[in-house]
Each structure stands twice: as structure tokens, then as C-alpha cells.
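Remarks on the structure that follows.
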Number of protein chains: 2
Amino acid sequence: MKLFGANMDHARRFNRRVVLETVRLQAPLSRAEITRATGLAPQTISNIIAELSEAGLVRSVSRRSGARGQPAVDLDINPDGGFTFGVSFGHGVLLVILTDVAGAVRDRVELDLDFDAPEAVLDQIAATISAMLERQQVARQRVWGVGLVVPALFQDDRLVVLGEVALPGWKDFSLRQSLQDKLGLPVLLENDATAAAIGERLYGAGRTLTDFAYIYIGAGIGGGLFLRGQPYRGGYGKSGEIGHLVVDTNGRPCPCGNRGCLERYASVSLALKALGDGQAATVRHGDLDRIAKALEDGDTRLLAWLDEAAASLRQAVVMIENMLDPQTVILGGVLPRPVLEALIARIEPLPRSVSLNKAADTPRLIAAEMGPDTPALGAATLPVFDGMTPELSLLFKQGVVERI
Amino acid sequence: MKLFGANMDHARRFNRRVVLETVRLQAPLSRAEITRATGLAPQTISNIIAELSEAGLVRSVSRRSGARGQPAVDLDINPDGGFTFGVSFGHGVLLVILTDVAGAVRDRVELDLDFDAPEAVLDQIAATISAMLERQQVARQRVWGVGLVVPALFQDDRLVVLGEVALPGWKDFSLRQSLQDKLGLPVLLENDATAAAIGERLYGAGRTLTDFAYIYIGAGIGGGLFLRGQPYRGGYGKSGEIGHLVVDTNGRPCPCGNRGCLERYASVSLALKALGDGQAATVRHGDLDRIAKALEDGDTRLLAWLDEAAASLRQAVVMIENMLDPQTVILGGVLPRPVLEALIARIEPLPRSVSLNKAADTPRLIAAEMGPDTPALGAATLPVFDGMTPELSLLFKQGVVERI
DNA sequence: CTGATTAAATCACTTCATTGGAATAAATCG
DNA sequence: CGATTTATTCCAATGAAGTGATTTAATCAG
């Protein structure tokens, strides 16, 4: 356990991030308001804003009027200040999106994915990224980085297989480093649930939250934790394996060796199986539309799955609450919005937990906002998070995206 | 959500704490070694050590020899640099201990506790503390603060009652503020489990760990989480209610409304009930000795309880692992050491979880080291933790114990 | 219309913790 | 016994935030 000291440069970068994050979350706002929000001196804010404007990260949008005194100049994030790519594998497609630092999607490319050798897939990604930069007239040096999301867990860039849902054949390939070398851009790798949680934190339902749990419903079930404003990855980088929380002590056997794991009841794979799809371990193109259709049609097989999934998720939510007392639990993943909402409706009302006494203005369970492109969108937020979030400990790390 | 900027003073205090914590954990060590450990410049360390020595927090212990070059001067924490009191209510006694900042117990007073009006108890505490200061010849200004541990949850200094195990009649009394006013010393209030976790982190099994869960077995069951080197209290300050994790979906009904909560299987109250004590909601003086005796005697009623408790704790450990992937889980509380060890022996072997793949050198489950005085010892560490731990966010808070 | 008032933003300068480089101290090595 | 190595300190430099006065530009009051 090594503790690093802070020097002026650390403080400097930390403050740049504090200001940037304050602008991001509260824009439009003036220098004077930033002063009050951060506790820094007006002169300091003036200097920092000058720098950030110079770097193209912040822009003046308007002069306020109607009040006494010199009119405040409102600032916000300059969307053209930086760009990131998000890449997701999964349910049969390779999705690459280009977003700006304000969170807007600038371009989107969907490719069929047949699981070739890793190298071939990486070449495909690299070619796609180059084409998108060309088409959108974005200079490569304005790209902060590339986020890569794979529905699995990692340890030191390598896949860790725990359950049955995993990409076959990729186990001992260092995806992140290879892609980074090929692209000449920083590449950040994350599992689907954590990336989705970061996405919701930056632009979605978690914008103003510091402590929440994200339940990710994909082919399997994953969990992403946000604690004290930071993603929590655990002592060994594998936190959030909520798919193996036991929701029924005498329930279905799970490959993990226990019985009644959450993942045996609530997942897209199981929804598909319920709809009569035999080979449901991986979710493929069109499957999600079929689920949405089934809900519309009132397909009783889907409704039965919904009830079962809701009952087990209800248990999981209460466990998460009792263990972590989060501000809220966000339910998201790849499910179409109507299906997600139907699921939440069936989960409620939640039984008693430690969260009962909390302020009534925050619901205990809410739906994620990012929609069906969640994995790629979450991926695209990774470099933004890395480059913007003010956390002193981040600044001690090597390899952080450095833009300020 | 307000983000504070950092200034030189924050950095300064942060670095003082980084150095102090480095010395605490790695003593004896030299200035040059601190330089290498913290990444700060040699001159900086020299300055900081001069200050800390001046303040009496660090002392020189010896000159090293045998190696080339100017011999290094070894430093360590000066035990006389500060003192703290730990106060615990519970199992029938009021326990007050005086410790130094190195963690040694300097004095210990045990009083019978009958639950009078809160004011009367506070007067009793204040008188005891004064007497102990007198007897040990410790000046009041060298006392960093008083830690207070109550077996319950709080919100804004007030008790929150969730289960059935709680102190009767004290619900709307601001314990912390009242005692602080009476003593003229900083008073820190914490629940038993979190305080015990902090104690283990500073001086016990968690000394070198940054991420662990502490399972506290007292009258009820509590959990204390240590994440990223900081106690984690959740979004609303009530994390760690692991007593209400469901370990048996069709199990015994719990006052919380669910079935099969951990607290219905593993707690000292239940051990006593198993031993034929009818009124076991609160644990009283001598009860713990009876449990130890029963284990020695091989009392089958106790052994049955142990088996049952172990089975349910096993479930809980796996849930914690899958959710948080901690470095380890520490099992502790008020149980006598042999009973605790018998319990751990029965919990193992643990079933599969995400923790299986971790480095083999850290066991998944270990016993706490603090022993039967755990609550008071944990309480006494609260001011030390508050005054020593380097976490930038702590420095923005008001009311932090300020010694450097 | 005009001067007083208010608030935002900036200019010129100060403060101070860390840092860098040279110097010094005290041991071992050959 | 001089060369080498390593720890520590002296002294001045750096550069971050902060301070106080000043400028700018609006509204308000009469």
C-alpha cells in the first residue's frame, strides 16, 4: 500500500477538473457562481477559465441581464472540445459510436460481428474509426480516447471467465493494449455494467448522484457500483458480480456451484429461452426487437419471465440496499425501454430495507436513461470520465487521459 | 453535489497526513525511505518530519548502520504524541479506555451500566474520563478526542431503529453533541461494526488492507465496510446492514418483514437463547464468559448454534464477495476468541465466488484481532483515524480533529 | 437623464508549500 | 586514508492560489 503525496501540479490539475466538472453539471453558470460553488478565489477561477477556454473545453454562451451589477458571462462545455469513441461487442453486432465531450452522439456505425480471430476484429474497428473521423471532419488529435466494452470481467486486461456467458476463444488476448497500439489512441477497457454505470453518472439518471448501484441486464447480469462519486471495482477489480447473488436458497443450480443465483432468473438469455429460442447463450441481432414485440403482443411466456425476473431482482435490490445503502438503484442494460419499465413495475413495491427511512424525493429504483445503445455509449464515456473527473487519486495514476 | 477546489493549505495538510500514515504503517523507517514511498522531494520530507517532530507526533529512534553512506535515522510514531478515549455501551457495562496514538491501551475502566436517563450516563462518562486523565497524568489538551460506540445506526447523530435490537428510550437524544459540550473535547459517534472495522484497519488484521468487509457479531449482526482505504457509510450513512441479508429465502420470519435474515441465525443473542436464556435480546455482563465456557464444555446446544450460524454466515460472505470483491472478509465482534475461531472453522470451506481467482496469499476469511474489548477499542481509534488518515476529501470537512 | 449602487471580472502583487541543485555529514569499501 | 555511497540539509527558485484595489457594466432611484 503506497501513499502518494500531493504537489502543486496535482492541486492544479485537480482544480482544473473541479471547475470543468462544475461547469459540466451546472452549466450555464458564470465565473462568480463557480467561485461560490468551489470555494476557490475569483481570481483563481478567472485564470482557470481562461486556460480552459484557450484549450477549447469551455465556451462563453451569453451575458445574463435583468440583475444589478456587471452582467455575468454564462459558460458551458464546448462540445467541440473533444471527442471519444465507444466500441461494444455483443448481441451479434459490433457497434462503434463517436460522441463529443458534451455527450452528444455524432456518428454511429453498426457492423455484423462474426467472431473471427481477435486481430481481424481489431483491424475492422481501426478501419471504422478512421472512416468516421474522416466523415465527421474530426482531427485525430482531438480524440481523447476509445472506450471498449466487453460483456465480461477482466483482470489486468485479460478476460476472466466465471459463469457460462462469455466470449469464446478470446481468453488470453490483451485486447486493450493491442487496440491501443494499433490506433495510437488511449484505449480504456471496462465491463459492460461498470461502463453503463459511468455513462449514467455522466449523462443519465446518475448525473447528480454520488452513490448508486447499477444493475445491468444483458446476456447475463452484471452490476456496476458508483461509490463516493467513483466507480468501485473492488479489491481485485471484480466487484459487482451480482448475477451470483443467491435469491432463492433452494433454487436452480448454477454453474458457479451454488443454487438460486440471480442470473438463473433474470437475463436476456432467459427471456429468449422463455420465448422458445433454444440457443440463447449469446444474444444475437434482432433478439431484442423480438422481446419488445412479445411484450406488445402480451405474450404470456414473456410475461411469466418478467414476473420471475422481477421477483428475483426484488431480492437483489434489497440486498444491495442493506449492504451499501445507496442513494438509489438504477436498472438498465440492453432491454428495450418498454420492457425495462414493465420489469420495474413488477419489481415494485419493494420490501422493507435500510433505505425505507431515506428522503422521499429519491425513488429506491429507477430506470436507466441511455437506451439500447447502452454498452457503446457507456464505452464512449470512459475517456471523458478519465479526463474530467476530479479525484486526486486519479492524478497519481499513470496513463490517465491528459487533456488539461 | 458541491465540489471543492484544493489550495496549498489542503495539499499541505494532506501531505502531513500521508507522511504520518506512512510512518505509522512502515515504522521504523528513515526520511529517505519516506521520500521514496511518497514520491515527495527529500527536502519536503525533511521539512515535514521537522514539523511533526516539533509537534511531538514523530520521534527518532535509532541510527541504522552496516550499510554504506551516511546512516539513516529511523523514525516512528511517538506514542506520547496524543491520546484518545474510547467509550462503549453494551452487554451490560460501560467501558472506557484510554489509548495513545500508537494504539496501546494506557488505562481501562469498566462500570456497571443501568440505563438511566442519558444525562446521568454522560455525567458518569465525563467523571470517569477526568479521573483517568488525572491518574495517568495526561494533559487534557493532548487528548485528540473521544470515540463513542453504540450498537445501533445513526442519522445526523440520532439513533435509527430498524430491527429489534436497540437501546430503549434514547431515540431522540443527540448523544454526540451533548457529550462533546460536556467534555469540551471532540466526540465522534459511530456504530459498533464500523468502529471495529476502523480499529482493525489501524491496528489489527486490516493494517495493510484498503478494501475489506467486517462482519461484526454482537447482540445483533452488523457490517462495516472499508473501501479504497476509507470507511464506507453509504449514501445515507447506513451501509453495512448485513444482518438483514437473506440467507434462507424460506427461513425464519424477521421483524424487518422479510424471511431468513442473517440476524435470525447468527448473533450472540441467539447463542444465549440456544443456551437456554429466555431474555436474550440484550447481552448482559458475564454472558460472553458463559458462551466461552459452553464451548469448552462441548455443550451440544452451543455447537448446534455454531453450525447454524456458520451456515448462514457462509452465505453472507459469498454475497459480500460477489458484490464487492474485497481483499478479505474479517469476522469479529464481541465473541471470545476461541468461539470466533470455532465459528470460522465451521464456515470454511467457502463455496465458489468471484474471490476464487484472487492471489492465494490473502485468505478469504480471517478473524479480527482486537478481542473482547472491540467496541471500546474501535471507539478509541475514531479520533486517531480522523486526525491521521490522508484523504483529501476529509480536509474539506468541518470539525475534523485537527492536530497538524 | 444622471449619479448611486451593485456585482462581475481583472490587474498587479503577495504568499507559501514544494522543489531543485549544491553542499555537507557520516558511514563503508578498497 | 582517500574514494565512494547515501542521507540529510541549506538556499534560492518555481508556480500555484490568494488578496486588495480597480475597472467594467448593468440596474435603481429621483
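Chain labels run A, B, ... following the order of the C-alpha cells; each chain numbers its residues from 1, and ligands are numbered from 1 in the order shown.
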
Counting only C-alpha atoms (C1' of nucleotides), chain D residues within 9 Å of chain B, as a PyMOL selection string: chain D and resi 4-9+16-17

When you get a sec, could you note down which chain C residues fall within 8 Å of chain A, using only C-alpha atoms (C1' of nucleotides), as a PyMOL selection string? chain C and resi 6-10+17-18

Restrict the selected residues to N, CA and C atoms (P, O5', C5', C4', C3', O3' and C1' of nucleotides) and save them as a PDB file, in the first residue's frame.
ATOM      1  P    DT C   6     -25.973  48.878  -2.539  1.00  0.00           P
ATOM      2  O5'  DT C   6     -25.747  47.723  -3.612  1.00  0.00           O
ATOM      3  C5'  DT C   6     -26.786  47.399  -4.532  1.00  0.00           C
ATOM      4  C4'  DT C   6     -26.214  46.554  -5.648  1.00  0.00           C
ATOM      5  C3'  DT C   6     -25.274  45.444  -5.173  1.00  0.00           C
ATOM      6  O3'  DT C   6     -25.858  44.205  -5.522  1.00  0.00           O
ATOM      7  C1'  DT C   6     -24.387  46.593  -7.064  1.00  0.00           C
ATOM      8  P    DA C   7     -25.344  42.857  -4.822  1.00  0.00           P
ATOM      9  O5'  DA C   7     -24.488  42.269  -6.018  1.00  0.00           O
ATOM     10  C5'  DA C   7     -25.113  42.063  -7.273  1.00  0.00           C
ATOM     11  C4'  DA C   7     -24.049  41.797  -8.310  1.00  0.00           C
ATOM     12  C3'  DA C   7     -23.004  40.764  -7.880  1.00  0.00           C
ATOM     13  O3'  DA C   7     -23.083  39.698  -8.812  1.00  0.00           O
ATOM     14  C1'  DA C   7     -21.985  42.696  -8.844  1.00  0.00           C
ATOM     15  P    DA C   8     -21.996  38.551  -8.866  1.00  0.00           P
ATOM     16  O5'  DA C   8     -21.104  39.080 -10.076  1.00  0.00           O
ATOM     17  C5'  DA C   8     -21.718  39.286 -11.341  1.00  0.00           C
ATOM     18  C4'  DA C   8     -20.667  39.489 -12.410  1.00  0.00           C
ATOM     19  C3'  DA C   8     -19.601  38.403 -12.468  1.00  0.00           C
ATOM     20  O3'  DA C   8     -19.381  38.100 -13.832  1.00  0.00           O
ATOM     21  C1'  DA C   8     -18.581  40.523 -12.091  1.00  0.00           C
ATOM     22  P    DA C   9     -18.415  36.888 -14.253  1.00  0.00           P
ATOM     23  O5'  DA C   9     -17.057  37.673 -14.455  1.00  0.00           O
ATOM     24  C5'  DA C   9     -16.991  38.705 -15.429  1.00  0.00           C
ATOM     25  C4'  DA C   9     -15.654  39.403 -15.357  1.00  0.00           C
ATOM     26  C3'  DA C   9     -14.424  38.489 -15.330  1.00  0.00           C
ATOM     27  O3'  DA C   9     -13.671  38.740 -16.501  1.00  0.00           O
ATOM     28  C1'  DA C   9     -14.262  40.240 -13.725  1.00  0.00           C
ATOM     29  P    DT C  10     -12.271  38.029 -16.720  1.00  0.00           P
ATOM     30  O5'  DT C  10     -11.243  39.151 -16.236  1.00  0.00           O
ATOM     31  C5'  DT C  10     -11.392  40.475 -16.753  1.00  0.00           C
ATOM     32  C4'  DT C  10     -10.366  41.386 -16.124  1.00  0.00           C
ATOM     33  C3'  DT C  10      -8.926  40.860 -16.163  1.00  0.00           C
ATOM     34  O3'  DT C  10      -8.115  41.908 -16.656  1.00  0.00           O
ATOM     35  C1'  DT C  10      -9.492  41.536 -13.986  1.00  0.00           C
ATOM     36  P    DA C  17       3.037  26.931   3.971  1.00  0.00           P
ATOM     37  O5'  DA C  17       3.052  25.511   3.266  1.00  0.00           O
ATOM     38  C5'  DA C  17       1.997  25.142   2.388  1.00  0.00           C
ATOM     39  C4'  DA C  17       2.535  24.262   1.289  1.00  0.00           C
ATOM     40  C3'  DA C  17       3.575  23.246   1.747  1.00  0.00           C
ATOM     41  O3'  DA C  17       3.258  21.970   1.208  1.00  0.00           O
ATOM     42  C1'  DA C  17       4.495  24.622   0.037  1.00  0.00           C
ATOM     43  P    DT C  18       4.269  20.741   1.305  1.00  0.00           P
ATOM     44  O5'  DT C  18       4.999  20.794  -0.096  1.00  0.00           O
ATOM     45  C5'  DT C  18       4.203  20.695  -1.282  1.00  0.00           C
ATOM     46  C4'  DT C  18       5.065  20.868  -2.509  1.00  0.00           C
ATOM     47  C3'  DT C  18       6.192  19.843  -2.651  1.00  0.00           C
ATOM     48  O3'  DT C  18       6.150  19.330  -3.974  1.00  0.00           O
ATOM     49  C1'  DT C  18       7.053  22.036  -2.850  1.00  0.00           C
TER      50       DT C  18
END

As an MDAnalysis selection string, please: all residues of range 337-395 of chain A that backbone DSSP puts in alpha helix (DSSP H). chainID A and resid 337:347 374:388 392:395

I need the chain B residues near chain A as a PyMOL selection string; criterion: at most 6 Å, counting only C-alpha atoms. chain B and resi 3-6+11+15+38-40+211+234-235+238-242+245+248-249+319+322-327

Take the residues that were just selected and, keeping C-alpha atoms, output them as an mmCIF file, in the first residue's frame.
data_model
loop_
_atom_site.group_PDB
_atom_site.id
_atom_site.type_symbol
_atom_site.label_atom_id
_atom_site.label_comp_id
_atom_site.auth_asym_id
_atom_site.auth_seq_id
_atom_site.Cartn_x
_atom_site.Cartn_y
_atom_site.Cartn_z
ATOM 1 C CA LEU B 3 -17.163 20.121 -5.454
ATOM 2 C CA PHE B 4 -14.438 21.904 -3.559
ATOM 3 C CA GLY B 5 -11.209 23.130 -5.021
ATOM 4 C CA ALA B 6 -7.874 22.446 -3.412
ATOM 5 C CA ALA B 11 -2.180 19.982 -0.014
ATOM 6 C CA ASN B 15 0.960 15.622 2.806
ATOM 7 C CA THR B 38 5.534 9.051 -1.045
ATOM 8 C CA GLY B 39 7.094 10.446 -4.201
ATOM 9 C CA LEU B 40 7.705 13.772 -2.478
ATOM 10 C CA ASP B 211 -10.741 -2.931 0.870
ATOM 11 C CA GLY B 234 -23.336 4.671 2.078
ATOM 12 C CA GLY B 235 -25.453 7.344 0.517
ATOM 13 C CA LYS B 238 -26.471 3.362 6.920
ATOM 14 C CA SER B 239 -24.433 0.926 4.876
ATOM 15 C CA GLY B 240 -23.486 -2.462 6.223
ATOM 16 C CA GLU B 241 -26.841 -3.652 7.466
ATOM 17 C CA ILE B 242 -25.803 -7.153 6.593
ATOM 18 C CA LEU B 245 -29.169 -10.108 4.118
ATOM 19 C CA ASP B 248 -32.588 -18.554 3.550
ATOM 20 C CA THR B 249 -35.427 -17.491 1.307
ATOM 21 C CA MET B 319 -22.734 -12.423 -1.153
ATOM 22 C CA ASN B 322 -19.691 -11.271 -5.178
ATOM 23 C CA MET B 323 -20.951 -7.770 -4.642
ATOM 24 C CA LEU B 324 -17.756 -6.049 -3.517
ATOM 25 C CA ASP B 325 -14.804 -8.333 -4.308
ATOM 26 C CA PRO B 326 -12.979 -7.237 -1.156
ATOM 27 C CA GLN B 327 -9.415 -8.180 -0.378
#

Taking into account only C-alpha atoms, which residue in the set B:Glu54, B:Ala213, B:Ile198, B:Leu122 is nearest to Leu175 in chain B? B:Leu122

Please extract the residues of range 14-181 of chain A with a backbone DSSP assignment of strand (DSSP E or B) and present them as a ChimeraX atom specification. /A:29,58-63,73-77,83-88,93-100,105-112,143-150,153-155,158-160

Atoms kept (C-alpha atoms) for selection, written as a PDB file, in the first residue's frame:
ATOM      1  CA  LEU A  29     -23.135  29.367 -14.995  1.00  0.00           C
ATOM      2  CA  VAL A  58     -15.255  25.702 -22.120  1.00  0.00           C
ATOM      3  CA  ARG A  59     -17.017  28.464 -24.024  1.00  0.00           C
ATOM      4  CA  SER A  60     -18.950  31.635 -23.257  1.00  0.00           C
ATOM      5  CA  VAL A  61     -22.543  31.341 -24.258  1.00  0.00           C
ATOM      6  CA  SER A  62     -24.338  34.531 -23.245  1.00  0.00           C
ATOM      7  CA  ARG A  63     -24.414  37.552 -20.997  1.00  0.00           C
ATOM      8  CA  VAL A  73     -20.995  35.786 -18.591  1.00  0.00           C
ATOM      9  CA  ASP A  74     -22.506  32.324 -18.754  1.00  0.00           C
ATOM     10  CA  LEU A  75     -20.227  29.446 -19.571  1.00  0.00           C
ATOM     11  CA  ASP A  76     -20.750  25.897 -20.665  1.00  0.00           C
ATOM     12  CA  ILE A  77     -18.853  22.926 -22.013  1.00  0.00           C
ATOM     13  CA  PHE A  83     -14.365  13.539 -28.958  1.00  0.00           C
ATOM     14  CA  THR A  84     -14.400   9.944 -27.880  1.00  0.00           C
ATOM     15  CA  PHE A  85     -15.224   6.643 -29.462  1.00  0.00           C
ATOM     16  CA  GLY A  86     -17.257   3.935 -27.816  1.00  0.00           C
ATOM     17  CA  VAL A  87     -16.965   0.373 -29.033  1.00  0.00           C
ATOM     18  CA  SER A  88     -19.136  -2.506 -27.906  1.00  0.00           C
ATOM     19  CA  VAL A  93     -23.063  -6.707 -33.652  1.00  0.00           C
ATOM     20  CA  LEU A  94     -20.031  -4.527 -33.355  1.00  0.00           C
ATOM     21  CA  LEU A  95     -21.187  -1.014 -32.561  1.00  0.00           C
ATOM     22  CA  VAL A  96     -18.899   1.995 -32.858  1.00  0.00           C
ATOM     23  CA  ILE A  97     -20.122   5.445 -31.896  1.00  0.00           C
ATOM     24  CA  LEU A  98     -18.465   8.837 -31.938  1.00  0.00           C
ATOM     25  CA  THR A  99     -19.530  11.268 -29.214  1.00  0.00           C
ATOM     26  CA  ASP A 100     -18.402  14.714 -28.189  1.00  0.00           C
ATOM     27  CA  VAL A 105     -23.675  11.169 -30.450  1.00  0.00           C
ATOM     28  CA  ARG A 106     -22.024  12.499 -33.612  1.00  0.00           C
ATOM     29  CA  ASP A 107     -21.849   9.302 -35.614  1.00  0.00           C
ATOM     30  CA  ARG A 108     -22.784   5.667 -35.300  1.00  0.00           C
ATOM     31  CA  VAL A 109     -21.728   2.583 -37.238  1.00  0.00           C
ATOM     32  CA  GLU A 110     -23.086  -0.911 -36.770  1.00  0.00           C
ATOM     33  CA  LEU A 111     -21.293  -3.887 -38.231  1.00  0.00           C
ATOM     34  CA  ASP A 112     -22.088  -7.558 -38.285  1.00  0.00           C
ATOM     35  CA  VAL A 143      -9.927  12.446 -29.804  1.00  0.00           C
ATOM     36  CA  TRP A 144      -9.493  11.832 -26.078  1.00  0.00           C
ATOM     37  CA  GLY A 145      -9.586   8.105 -26.379  1.00  0.00           C
ATOM     38  CA  VAL A 146     -11.512   4.981 -27.208  1.00  0.00           C
ATOM     39  CA  GLY A 147     -13.678   3.120 -24.722  1.00  0.00           C
ATOM     40  CA  LEU A 148     -14.069  -0.586 -25.211  1.00  0.00           C
ATOM     41  CA  VAL A 149     -16.791  -2.593 -23.549  1.00  0.00           C
ATOM     42  CA  VAL A 150     -16.921  -6.349 -23.428  1.00  0.00           C
ATOM     43  CA  LEU A 153     -14.803  -9.386 -16.278  1.00  0.00           C
ATOM     44  CA  PHE A 154     -11.127  -8.573 -16.509  1.00  0.00           C
ATOM     45  CA  GLN A 155      -8.008  -8.794 -14.540  1.00  0.00           C
ATOM     46  CA  ARG A 158      -7.358 -10.247 -19.678  1.00  0.00           C
ATOM     47  CA  LEU A 159     -10.789 -11.838 -19.613  1.00  0.00           C
ATOM     48  CA  VAL A 160     -11.831 -13.729 -16.535  1.00  0.00           C
TER      49      VAL A 160
END

Work out how far CA of Ile48 in chain B is from CA of Val384 in chain B, in Å to one decimal. 18.9 Å

Near Leu343 in chain A, within 9 Å and counting only C-alpha atoms (C1' of nucleotides), which residues show up once chain neighbours fewer than 6 positions away are dropped, as a short mmCIF file (atom, residue, chain, number, x, y, z; two decimals) with C-alpha atoms, in the first residue's frame?
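Result saved to selection17.cif:
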data_model
loop_
_atom_site.label_atom_id
_atom_site.label_comp_id
_atom_site.auth_asym_id
_atom_site.auth_seq_id
_atom_site.Cartn_x
_atom_site.Cartn_y
_atom_site.Cartn_z
CA LEU A 306 -40.97 -10.85 -16.37
CA ASP A 307 -42.68 -11.94 -13.18
CA ALA A 309 -37.17 -11.89 -13.12
CA ALA A 310 -38.92 -9.19 -11.10
#

Do a neighbour search on Asp80 in chain B at 9 Å with only C-alpha atoms (C1' of nucleotides), toss out local chain neighbours closer than 4 positions, and write the hits as a ChimeraX atom specification. /B:56-57,100-102,142

Which residues, written as JSON, numbers by chain, have at least one atom at most 8 Å from Val329 in chain B, with only C-alpha atoms (C1' of nucleotides) counted and residues fewer than 5 positions away on the same chain left out? {"B": [212, 213, 214, 215, 317, 364, 365, 366]}

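Taking CA of Gln124 in chain B and CA of Leu272 in chain B as the two end points, the separation is 29.2 Å.
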